[in-house]
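The data block below is upload_10.cif; it holds mmCIF, C-alpha atoms.
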data_run
loop_
_atom_site.label_atom_id
_atom_site.label_comp_id
_atom_site.auth_asym_id
_atom_site.auth_seq_id
_atom_site.Cartn_x
_atom_site.Cartn_y
_atom_site.Cartn_z
CA MET T 1 -5.79 -12.31 79.41
CA THR T 2 -5.44 -13.08 75.69
CA SER T 3 -6.35 -10.20 73.37
CA SER T 4 -8.69 -10.85 70.48
CA ALA T 5 -5.93 -9.78 68.08
CA ALA T 6 -3.92 -12.81 69.18
CA LEU T 7 -6.77 -15.28 68.66
CA PRO T 8 -7.14 -17.28 65.45
CA PRO T 9 -10.00 -16.06 63.21
CA GLN T 10 -12.31 -18.95 64.12
CA ASP T 11 -12.08 -18.07 67.84
CA ARG T 12 -12.86 -14.36 67.64
CA PRO T 13 -15.82 -12.30 66.47
CA HIS T 14 -16.06 -11.17 62.85
CA ARG T 15 -13.45 -8.42 62.57
CA VAL T 16 -14.46 -5.10 61.00
CA VAL T 17 -11.57 -2.75 60.23
CA VAL T 18 -12.45 0.87 59.47
CA LEU T 19 -9.96 2.77 57.33
CA ALA T 20 -9.64 6.37 58.55
CA LEU T 21 -8.37 8.74 55.86
CA THR T 22 -7.38 12.39 56.14
CA GLY T 23 -10.43 14.66 55.95
CA LEU T 24 -12.81 11.97 57.17
CA LEU T 25 -16.25 12.78 58.55
CA PRO T 26 -16.36 11.86 62.27
CA PHE T 27 -20.06 10.97 62.07
CA GLU T 28 -19.47 8.39 59.37
CA LEU T 29 -16.39 7.04 61.11
CA GLY T 30 -18.57 6.33 64.13
CA ILE T 31 -21.34 4.48 62.28
CA PRO T 32 -19.62 1.05 62.02
CA HIS T 33 -18.53 1.25 65.67
CA ARG T 34 -22.03 2.12 66.82
CA ILE T 35 -24.01 -0.36 64.71
CA PHE T 36 -21.69 -3.38 64.69
CA GLY T 37 -20.63 -2.71 68.26
CA ARG T 38 -24.23 -3.14 69.50
CA ALA T 39 -24.73 -6.57 67.87
CA HIS T 40 -24.67 -9.43 70.37
CA ASP T 41 -25.67 -13.08 70.40
CA PRO T 42 -28.36 -14.38 72.80
CA ALA T 43 -25.70 -14.93 75.47
CA GLY T 44 -24.62 -11.29 75.24
CA ARG T 45 -21.33 -11.98 73.44
CA PRO T 46 -20.29 -9.44 70.79
CA LEU T 47 -20.75 -10.62 67.22
CA TYR T 48 -18.25 -8.16 65.76
CA GLU T 49 -14.90 -6.72 66.73
CA ILE T 50 -14.43 -3.20 65.35
CA LEU T 51 -10.98 -1.67 64.94
CA THR T 52 -9.71 1.47 63.22
CA CYS T 53 -6.55 1.96 61.21
CA GLY T 54 -4.98 4.76 59.21
CA LEU T 55 -2.36 4.98 56.52
CA ALA T 56 0.01 5.28 59.48
CA PRO T 57 -0.52 5.21 63.25
CA GLY T 58 -1.14 8.60 64.82
CA PRO T 59 -3.50 11.57 64.49
CA VAL T 60 -5.79 11.69 61.44
CA PRO T 61 -7.22 15.15 60.63
CA THR T 62 -11.00 15.25 60.15
CA ASP T 63 -13.31 17.77 58.49
CA ALA T 64 -14.08 19.09 61.98
CA ASP T 65 -11.87 21.09 64.35
CA PHE T 66 -10.26 18.00 65.86
CA ALA T 67 -8.20 14.99 64.82
CA ILE T 68 -8.71 11.29 65.54
CA ASP T 69 -5.78 9.49 67.15
CA VAL T 70 -5.52 6.10 65.42
CA ALA T 71 -3.41 3.40 67.05
CA HIS T 72 -3.09 1.03 64.10
CA GLY T 73 -1.39 1.28 60.72
CA PRO T 74 -2.56 -0.27 57.43
CA GLN T 75 -1.14 -3.69 58.30
CA LEU T 76 -4.31 -4.22 60.34
CA LEU T 77 -6.25 -4.51 57.07
CA ALA T 78 -4.68 -7.92 56.52
CA THR T 79 -6.59 -9.24 59.55
CA ALA T 80 -10.00 -7.89 58.50
CA ASP T 81 -13.06 -9.96 57.64
CA THR T 82 -14.80 -6.74 56.56
CA VAL T 83 -13.16 -3.44 55.59
CA VAL T 84 -15.20 -0.22 55.82
CA VAL T 85 -14.13 2.99 54.08
CA PRO T 86 -16.04 6.05 55.32
CA ALA T 87 -16.23 9.32 53.41
CA SER T 88 -13.45 11.86 53.29
CA TYR T 89 -13.40 15.42 51.96
CA GLU T 90 -9.69 15.25 51.14
CA LEU T 91 -9.30 12.33 48.76
CA GLY T 92 -7.04 14.27 46.40
CA PRO T 93 -6.24 12.34 43.19
CA VAL T 94 -8.74 9.65 44.15
CA TYR T 95 -11.58 12.16 43.76
CA ASP T 96 -10.00 14.37 41.10
CA GLU T 97 -8.44 11.77 38.80
CA GLY T 98 -9.80 8.39 39.91
CA ARG T 99 -6.41 7.02 40.94
CA LEU T 100 -4.97 5.90 44.25
CA THR T 101 -2.03 7.58 45.89
CA PRO T 102 0.99 5.28 46.41
CA GLU T 103 0.32 5.26 50.16
CA LEU T 104 -3.32 4.29 49.74
CA ALA T 105 -2.50 1.64 47.15
CA ALA T 106 0.08 0.14 49.50
CA ALA T 107 -2.46 0.12 52.32
CA LEU T 108 -5.14 -1.63 50.26
CA ALA T 109 -2.60 -4.22 49.14
CA HIS T 110 -2.88 -5.64 52.67
CA VAL T 111 -6.54 -6.55 52.11
CA ARG T 112 -6.86 -10.31 51.67
CA PRO T 113 -8.84 -11.77 48.73
CA GLY T 114 -12.40 -12.55 49.78
CA THR T 115 -12.55 -9.79 52.38
CA ARG T 116 -15.93 -8.06 52.39
CA LEU T 117 -15.60 -4.42 51.29
CA VAL T 118 -17.95 -1.65 52.38
CA SER T 119 -18.02 2.07 51.58
CA ILE T 120 -20.03 4.91 53.07
CA CYS T 121 -20.82 7.93 50.88
CA THR T 122 -17.72 9.11 48.96
CA GLY T 123 -15.70 6.27 50.46
CA GLY T 124 -16.88 4.50 47.32
CA TYR T 125 -14.35 6.55 45.35
CA VAL T 126 -11.58 4.62 47.11
CA LEU T 127 -13.08 1.23 46.24
CA ALA T 128 -13.68 2.34 42.66
CA ALA T 129 -10.17 3.73 42.20
CA ALA T 130 -8.81 0.40 43.45
CA GLY T 131 -10.86 -1.44 40.81
CA TYR T 132 -13.12 -3.23 43.30
CA LEU T 133 -16.29 -1.78 41.76
CA ASP T 134 -15.61 -2.49 38.08
CA GLY T 135 -18.69 -4.15 36.62
CA ARG T 136 -20.47 -3.88 39.96
CA ARG T 137 -23.56 -1.98 40.99
CA ALA T 138 -22.70 0.81 43.41
CA THR T 139 -23.96 4.09 44.79
CA THR T 140 -22.69 7.20 46.51
CA HIS T 141 -24.10 10.53 47.68
CA TRP T 142 -26.55 11.82 45.05
CA ALA T 143 -24.60 15.09 44.71
CA SER T 144 -21.49 13.14 43.61
CA ALA T 145 -23.18 10.43 41.53
CA GLY T 146 -22.72 12.13 38.15
CA HIS T 147 -19.06 12.89 38.80
CA PHE T 148 -18.55 9.36 40.16
CA GLN T 149 -19.98 7.80 36.99
CA ARG T 150 -17.88 9.99 34.67
CA LEU T 151 -14.72 9.20 36.64
CA PHE T 152 -15.41 5.46 36.81
CA PRO T 153 -17.35 4.45 33.67
CA ALA T 154 -16.87 0.73 34.42
CA VAL T 155 -18.97 1.05 37.59
CA LEU T 156 -22.75 0.53 37.36
CA VAL T 157 -23.76 3.61 39.35
CA ASP T 158 -27.27 3.76 40.78
CA PRO T 159 -27.80 7.27 42.17
CA ASP T 160 -31.33 6.63 43.43
CA VAL T 161 -30.83 4.07 46.20
CA LEU T 162 -29.74 4.15 49.83
CA TYR T 163 -27.31 1.28 49.44
CA THR T 164 -26.30 -1.59 47.17
CA ASP T 165 -25.34 -5.14 48.06
CA ASP T 166 -23.31 -7.09 45.53
CA GLY T 167 -22.34 -9.91 47.86
CA ASP T 168 -18.80 -9.14 49.00
CA VAL T 169 -18.90 -5.48 47.94
CA LEU T 170 -21.45 -3.08 49.44
CA THR T 171 -21.81 0.69 49.04
CA SER T 172 -24.05 3.31 50.59
CA ALA T 173 -25.26 6.79 49.76
CA GLY T 174 -24.45 9.76 51.95
CA VAL T 175 -24.14 10.03 55.70
CA ALA T 176 -27.14 8.39 57.44
CA ALA T 177 -27.51 5.83 54.64
CA GLY T 178 -24.39 4.28 56.15
CA ILE T 179 -26.53 3.37 59.16
CA ASP T 180 -29.01 1.62 56.87
CA LEU T 181 -26.22 -0.29 55.16
CA CYS T 182 -24.58 -1.42 58.40
CA LEU T 183 -27.96 -2.55 59.77
CA HIS T 184 -28.52 -4.42 56.52
CA ILE T 185 -25.17 -6.19 56.96
CA VAL T 186 -26.07 -7.18 60.53
CA ARG T 187 -29.42 -8.45 59.27
CA ARG T 188 -27.73 -10.35 56.45
CA ASP T 189 -25.19 -11.89 58.81
CA HIS T 190 -27.34 -12.65 61.85
CA GLY T 191 -31.01 -12.12 61.03
CA ALA T 192 -33.75 -9.57 61.62
CA ALA T 193 -33.99 -10.12 65.38
CA VAL T 194 -30.38 -9.07 66.01
CA ALA T 195 -30.60 -6.14 63.56
CA ASN T 196 -33.86 -4.93 65.10
CA ASP T 197 -32.32 -5.06 68.57
CA VAL T 198 -29.38 -2.96 67.36
CA ALA T 199 -31.80 -0.48 65.77
CA ARG T 200 -33.80 -0.17 68.99
CA ARG T 201 -30.66 0.47 71.00
CA THR T 202 -29.53 3.05 68.47
CA VAL T 203 -33.03 4.59 68.21
CA VAL T 204 -33.19 4.41 64.42
CA PRO T 205 -35.66 2.74 62.03
CA PRO T 206 -34.87 -0.98 61.93
CA HIS T 207 -35.18 -1.34 58.18
CA ARG T 208 -35.09 0.93 55.17
CA GLU T 209 -34.78 -1.07 51.98
CA GLY T 210 -31.70 -0.46 49.88
CA GLY T 211 -33.92 0.38 46.94
CA GLN T 212 -35.57 3.24 48.76
CA ALA T 213 -34.86 6.54 47.06
CA GLN T 214 -32.39 9.11 48.37
CA PHE T 215 -35.22 11.67 48.11
CA ILE T 216 -33.30 13.72 45.60
CA GLU T 217 -34.99 17.06 44.96
CA ARG T 218 -38.14 15.89 46.70
CA PRO T 219 -39.63 18.63 48.88
CA VAL T 220 -40.25 17.90 52.54
CA PRO T 221 -44.03 17.82 53.07
CA ARG T 222 -45.29 21.04 54.58
CA PRO T 223 -46.22 20.69 58.28
CA GLN T 224 -49.84 21.61 57.62
CA VAL T 225 -50.17 18.88 54.98
CA ALA T 226 -51.45 15.54 56.29
CA SER T 227 -49.00 12.64 56.04
CA THR T 228 -49.64 8.98 55.34
CA THR T 229 -48.41 7.80 58.75
CA ALA T 230 -51.83 6.65 59.98
CA ALA T 231 -52.37 4.53 56.87
CA ARG T 232 -49.01 2.85 57.28
CA ALA T 233 -49.71 2.07 60.93
CA TRP T 234 -53.14 0.74 59.95
CA VAL T 235 -51.80 -1.62 57.30
CA LEU T 236 -49.02 -2.99 59.55
CA ASP T 237 -51.76 -4.50 61.72
CA ARG T 238 -53.35 -6.08 58.64
CA LEU T 239 -50.47 -7.46 56.59
CA HIS T 240 -52.17 -10.87 56.62
CA GLU T 241 -55.27 -9.42 54.93
CA PRO T 242 -55.85 -8.22 51.35
CA VAL T 243 -55.33 -4.45 51.34
CA ARG T 244 -56.84 -2.20 48.71
CA LEU T 245 -55.50 1.21 47.79
CA THR T 246 -58.93 2.69 48.43
CA ASP T 247 -58.78 1.38 52.02
CA LEU T 248 -55.44 3.08 52.58
CA ALA T 249 -56.61 6.37 51.11
CA ARG T 250 -59.71 6.26 53.30
CA GLN T 251 -57.54 6.16 56.45
CA GLU T 252 -56.19 9.60 55.53
CA ALA T 253 -59.44 10.94 54.05
CA MET T 254 -57.70 11.45 50.71
CA SER T 255 -58.49 10.54 47.15
CA VAL T 256 -56.54 7.57 45.81
CA ARG T 257 -54.60 9.85 43.48
CA THR T 258 -53.63 12.30 46.23
CA PHE T 259 -52.77 9.51 48.65
CA THR T 260 -50.57 7.71 46.12
CA ARG T 261 -48.67 10.91 45.31
CA ARG T 262 -48.22 11.84 48.97
CA PHE T 263 -47.15 8.30 49.92
CA ARG T 264 -44.44 8.25 47.26
CA GLU T 265 -43.22 11.70 48.32
CA GLU T 266 -42.83 10.52 51.91
CA SER T 267 -41.52 6.98 51.46
CA GLY T 268 -39.87 7.04 48.03
CA VAL T 269 -41.88 4.03 46.83
CA SER T 270 -45.45 3.25 45.85
CA PRO T 271 -47.93 1.95 48.47
CA GLY T 272 -47.88 -1.49 46.85
CA GLN T 273 -44.10 -1.71 46.89
CA TRP T 274 -43.98 -0.58 50.51
CA ILE T 275 -46.51 -3.21 51.57
CA VAL T 276 -44.49 -5.95 49.86
CA MET T 277 -41.38 -4.75 51.72
CA GLN T 278 -43.21 -4.98 55.05
CA ARG T 279 -44.58 -8.43 54.22
CA VAL T 280 -41.10 -9.69 53.35
CA GLU T 281 -39.80 -8.28 56.63
CA ARG T 282 -42.59 -10.03 58.54
CA ALA T 283 -41.81 -13.26 56.66
CA ARG T 284 -38.16 -12.93 57.67
CA GLN T 285 -39.12 -12.75 61.32
CA LEU T 286 -41.39 -15.79 61.10
CA LEU T 287 -38.80 -17.80 59.17
CA GLU T 288 -36.13 -16.99 61.75
CA ARG T 289 -38.19 -17.41 64.91
CA THR T 290 -40.77 -20.11 64.16
CA GLU T 291 -41.17 -23.50 62.54
CA LEU T 292 -44.45 -22.59 60.86
CA PRO T 293 -45.08 -24.40 57.54
CA MET T 294 -44.48 -22.27 54.46
CA GLU T 295 -48.18 -22.15 53.61
CA GLN T 296 -48.93 -20.70 57.04
CA VAL T 297 -46.07 -18.18 56.77
CA ALA T 298 -47.55 -17.13 53.44
CA ARG T 299 -51.00 -16.64 54.98
CA GLU T 300 -49.65 -14.77 58.02
CA THR T 301 -47.76 -12.34 55.80
CA GLY T 302 -50.48 -11.75 53.23
CA PHE T 303 -48.76 -13.53 50.35
CA GLY T 304 -51.57 -16.06 50.20
CA ASN T 305 -49.68 -19.19 49.23
CA ALA T 306 -46.20 -20.66 49.39
CA GLN T 307 -45.52 -20.01 45.71
CA SER T 308 -46.16 -16.27 46.10
CA LEU T 309 -44.10 -16.21 49.30
CA ARG T 310 -41.21 -17.92 47.52
CA LYS T 311 -41.37 -15.48 44.60
CA HIS T 312 -41.25 -12.35 46.76
CA VAL T 313 -38.68 -13.60 49.27
CA ARG T 314 -36.34 -14.72 46.50
CA ALA T 315 -36.73 -11.37 44.70
CA ALA T 316 -35.91 -9.44 47.87
CA LEU T 317 -33.30 -11.67 49.52
CA GLY T 318 -31.80 -13.67 46.68
CA VAL T 319 -32.61 -17.01 48.34
CA SER T 320 -35.71 -19.16 48.85
CA PRO T 321 -37.66 -19.05 52.14
CA THR T 322 -36.44 -22.56 52.94
CA ALA T 323 -32.79 -21.61 52.40
CA TYR T 324 -33.23 -18.42 54.42
CA ARG T 325 -34.75 -20.35 57.33
CA ARG T 326 -32.01 -22.99 57.16
CA THR T 327 -29.32 -20.29 57.35
CA PHE T 328 -30.65 -18.57 60.44
CA ARG T 329 -32.29 -21.46 62.28
CA SER T 330 -29.12 -23.52 61.99
CA GLY T 331 -26.95 -20.77 63.43
CA GLY T 332 -24.93 -20.73 60.22
CA ALA T 333 -25.33 -17.01 59.57
CA GLY T 334 -21.94 -15.66 60.42
CA GLY T 335 -19.88 -13.00 58.75
CA ALA T 336 -19.95 -12.73 55.01
CA GLY T 337 -21.23 -16.28 54.77
CA GLY T 338 -24.78 -15.34 55.80
CA ALA T 339 -27.76 -14.99 53.51
CA LYS T 340 -26.87 -12.52 50.81
CA GLY T 341 -29.96 -10.35 50.54
CA ARG T 342 -29.29 -8.06 47.60
CA GLU T 343 -31.80 -5.38 48.48
CA THR T 344 -31.17 -3.04 45.60
CA ALA T 345 -34.22 -3.42 43.40
CA ALA T 346 -35.09 -0.29 41.47
CA ILE T 347 -38.15 1.59 42.63
#
As structure tokens, how would this structure be written, given the file I've shared?
Amino acid sequence: MTSSAALPPQDRPHRVVVLALTGLLPFELGIPHRIFGRAHDPAGRPLYEILTCGLAPGPVPTDADFAIDVAHGPQLLATADTVVVPASYELGPVYDEGRLTPELAAALAHVRPGTRLVSICTGGYVLAAAGYLDGRRATTHWASAGHFQRLFPAVLVDPDVLYTDDGDVLTSAGVAAGIDLCLHIVRRDHGAAVANDVARRTVVPPHREGGQAQFIERPVPRPQVASTTAARAWVLDRLHEPVRLTDLARQEAMSVRTFTRRFREESGVSPGQWIVMQRVERARQLLERTELPMEQVARETGFGNAQSLRKHVRAALGVSPTAYRRTFRSGGAGGAGGAKGRETAAI
């Protein structure tokens, strides 16, 4: 039986190589394996191959009371279509001085030009120290954002988002935001249906926009305080209809002012912004799964007309509805060549 490592790139799934560094967080190391590993085509074939490498083969200490035994050395990076760098608590001069160690620099030298680069949490320090983030929009854990910006002034740091997508370079905030970013990549590569299936299997929300806030210094609503869950469920059944703020507030028996404040506390965005996000998501599904005319897609999603649909889809995904449909209906959404939805709009 021929191993996938021996197959030419066009005959194997998109290869994701995860770089395991000393002091890594086991949870974050597992995110790419869990999310990408659950993505399959309609015939059940895996869409990604996920491999792990270290700066050398062998045990890699973690921040827990165990080590991870890694079979591959850094040479594996030369075969990657996507490289993922999870967080580490022992980055040494990378974190303290913004410079790579000789070993890490030698490892990253194996990465081929055009390879998609992804960081989770403080893994962004590695990409920044290597110069990959210069002039690019990026994020990291909110607690490190100020230090990150001072250390790497050429990086356009956005501390208030879950993840950023700058085409071939993507970064996420801390810990669970890595799940959101990996789901976003699956969605970008293969469409909402595949990403939603992965989310269901992983039992996580299928879609949190990259521009959603990290909830920095926002208090968790007290248990006795009513949430806005019922209003959100109500509006999801009515995305094709005009929705007024007063209607939403009425579902929770709140004043408009109280409802708006509570909604932003819980979701990180305004009710209007959240509704647009849901309408774009519904439009994605219709564009991928149906041949409905654009005017009908616009009506079904509450955008009213094709011009409004085009405006909002382009703002959210970076492409027109027609181009988005062509990408996914033609089966051309593979790897980094899929639709490049740059979901990083400020709140």
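Pairwise distance (atom CA of T:Arg262, atom CA of T:Cys121) equals 27.7 Å.
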Could you work out an axis-aligned bounding box for all listed atoms of stretch 104-115 of chain T, with 5 Å added on each of the six sides, and give its centre and edge lengths in Å to one decimal, as lines of an AutoDock Vina configuration file?
center_x = -6.2
center_y = -4.1
center_z = 49.9
size_x = 22.6
size_y = 26.8
size_z = 15.5
> Within 10 Å of stretch 65-67 of chain T, counting all atoms listed in the file, which residues qualify if same-chain residues fewer than 2 places away don't, as an MDAnalysis selection string?
Replying inline: chainID T and resid 22:24 26 58:63 69:70
> Which one is closest to T:Arg279: T:Phe148, T:Tyr95, T:Trp142, T:Phe303? Count only C-alpha atoms.
Replying inline: T:Phe303
> Which neighbours of stretch 175-179 of chain T fall inside 10 Å, counting all atoms listed in the file, when residues of the same chain fewer than 6 positions from it are skipped, and could you give them as a ChimeraX atom specification?
Replying inline: /T:25,27-32,34-36,86-87,118-122,140-141,161-163,185,199,202,204-208,210,214
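The smallest atom-to-atom distance between T:Arg187 and any of T:Ala233, T:Leu239, T:Ala145, T:Leu47, using all atoms listed in the file, is found for T:Leu47.
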Report as a PDB file with C-alpha atoms, keeping the file's coordinate frame the full result of the PyMOL selection byres ((chain T and resi 250-255) around 12) when it is applied to this structure.
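As written to disk, part.pdb reads:
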ATOM      1  CA  VAL T 225     -50.170  18.880  54.980  1.00  0.00           C
ATOM      2  CA  ALA T 226     -51.450  15.540  56.290  1.00  0.00           C
ATOM      3  CA  SER T 227     -49.000  12.640  56.040  1.00  0.00           C
ATOM      4  CA  THR T 228     -49.640   8.980  55.340  1.00  0.00           C
ATOM      5  CA  THR T 229     -48.410   7.800  58.750  1.00  0.00           C
ATOM      6  CA  ALA T 230     -51.830   6.650  59.980  1.00  0.00           C
ATOM      7  CA  ALA T 231     -52.370   4.530  56.870  1.00  0.00           C
ATOM      8  CA  ARG T 232     -49.010   2.850  57.280  1.00  0.00           C
ATOM      9  CA  ALA T 233     -49.710   2.070  60.930  1.00  0.00           C
ATOM     10  CA  TRP T 234     -53.140   0.740  59.950  1.00  0.00           C
ATOM     11  CA  VAL T 235     -51.800  -1.620  57.300  1.00  0.00           C
ATOM     12  CA  VAL T 243     -55.330  -4.450  51.340  1.00  0.00           C
ATOM     13  CA  ARG T 244     -56.840  -2.200  48.710  1.00  0.00           C
ATOM     14  CA  LEU T 245     -55.500   1.210  47.790  1.00  0.00           C
ATOM     15  CA  THR T 246     -58.930   2.690  48.430  1.00  0.00           C
ATOM     16  CA  ASP T 247     -58.780   1.380  52.020  1.00  0.00           C
ATOM     17  CA  LEU T 248     -55.440   3.080  52.580  1.00  0.00           C
ATOM     18  CA  ALA T 249     -56.610   6.370  51.110  1.00  0.00           C
ATOM     19  CA  VAL T 256     -56.540   7.570  45.810  1.00  0.00           C
ATOM     20  CA  ARG T 257     -54.600   9.850  43.480  1.00  0.00           C
ATOM     21  CA  THR T 258     -53.630  12.300  46.230  1.00  0.00           C
ATOM     22  CA  PHE T 259     -52.770   9.510  48.650  1.00  0.00           C
ATOM     23  CA  THR T 260     -50.570   7.710  46.120  1.00  0.00           C
ATOM     24  CA  ARG T 261     -48.670  10.910  45.310  1.00  0.00           C
ATOM     25  CA  ARG T 262     -48.220  11.840  48.970  1.00  0.00           C
ATOM     26  CA  PHE T 263     -47.150   8.300  49.920  1.00  0.00           C
TER      27      PHE T 263
END
> Written as a list in words, what is the full residue list that the PyMOL selection byres ((chain T and resi 73) around 7) yields on the file shown?
Replying inline: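 With the PyMOL selection byres ((chain T and resi 73) around 7) on this model, the match is Cys53, Gly54, Leu55, Ala56, Pro57, Ala71, His72, Pro74, Gln75 and Leu76 of chain T.
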Export of the given selection (C-alpha atoms) as an mmCIF file, in the frame of the given file:
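The resulting file, result_9.cif, is reproduced below:
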data_model
loop_
_atom_site.group_PDB
_atom_site.id
_atom_site.type_symbol
_atom_site.label_atom_id
_atom_site.label_comp_id
_atom_site.auth_asym_id
_atom_site.auth_seq_id
_atom_site.Cartn_x
_atom_site.Cartn_y
_atom_site.Cartn_z
ATOM 1 C CA CYS T 53 -6.550 1.960 61.210
ATOM 2 C CA GLY T 54 -4.980 4.760 59.210
ATOM 3 C CA LEU T 55 -2.360 4.980 56.520
ATOM 4 C CA ALA T 56 0.010 5.280 59.480
ATOM 5 C CA PRO T 57 -0.520 5.210 63.250
ATOM 6 C CA ALA T 71 -3.410 3.400 67.050
ATOM 7 C CA HIS T 72 -3.090 1.030 64.100
ATOM 8 C CA PRO T 74 -2.560 -0.270 57.430
ATOM 9 C CA GLN T 75 -1.140 -3.690 58.300
ATOM 10 C CA LEU T 76 -4.310 -4.220 60.340
#
> If you apply the PyMOL selection byres ((chain T and resi 296) around 12) to this file, what residues do you get, as a list of chain:residue names?
Replying inline: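 This file, filtered by the PyMOL selection byres ((chain T and resi 296) around 12), leaves T:His240, T:Ala283, T:Leu286, T:Leu287, T:Thr290, T:Glu291, T:Leu292, T:Pro293, T:Met294, T:Glu295, T:Val297, T:Ala298, T:Arg299, T:Glu300, T:Thr301, T:Gly302, T:Phe303, T:Gly304, T:Asn305, T:Ala306, T:Gln307, T:Leu309.
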> At what distance in Å, to one decimal, does atom CA of T:Gln278 lie from atom CA of T:Gly124?
Replying inline: 29.0 Å
> Please, which residues are within 9 Å of (-10.1, -9.2, 52.2) by the file's coordinates, counting only C-alpha atoms, and could they come as a list in words?
Replying inline: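 The requested residues, written out, are Leu77, Ala78, Thr79, Ala80, Asp81, Thr82, Val83, His110, Val111, Arg112, Pro113, Gly114, Thr115, Arg116 and Leu117 of chain T.
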>> Between atom CA of T:Val313 and atom CA of T:Arg238, what is the distance in Å, rounded to a tenth?
In response: 19.0 Å
> Taking all atoms listed in the file into account, which of T:Gly318, T:Gly191, T:Pro93, T:Pro159 comes nearest T:Gly174?
Replying inline: T:Pro159
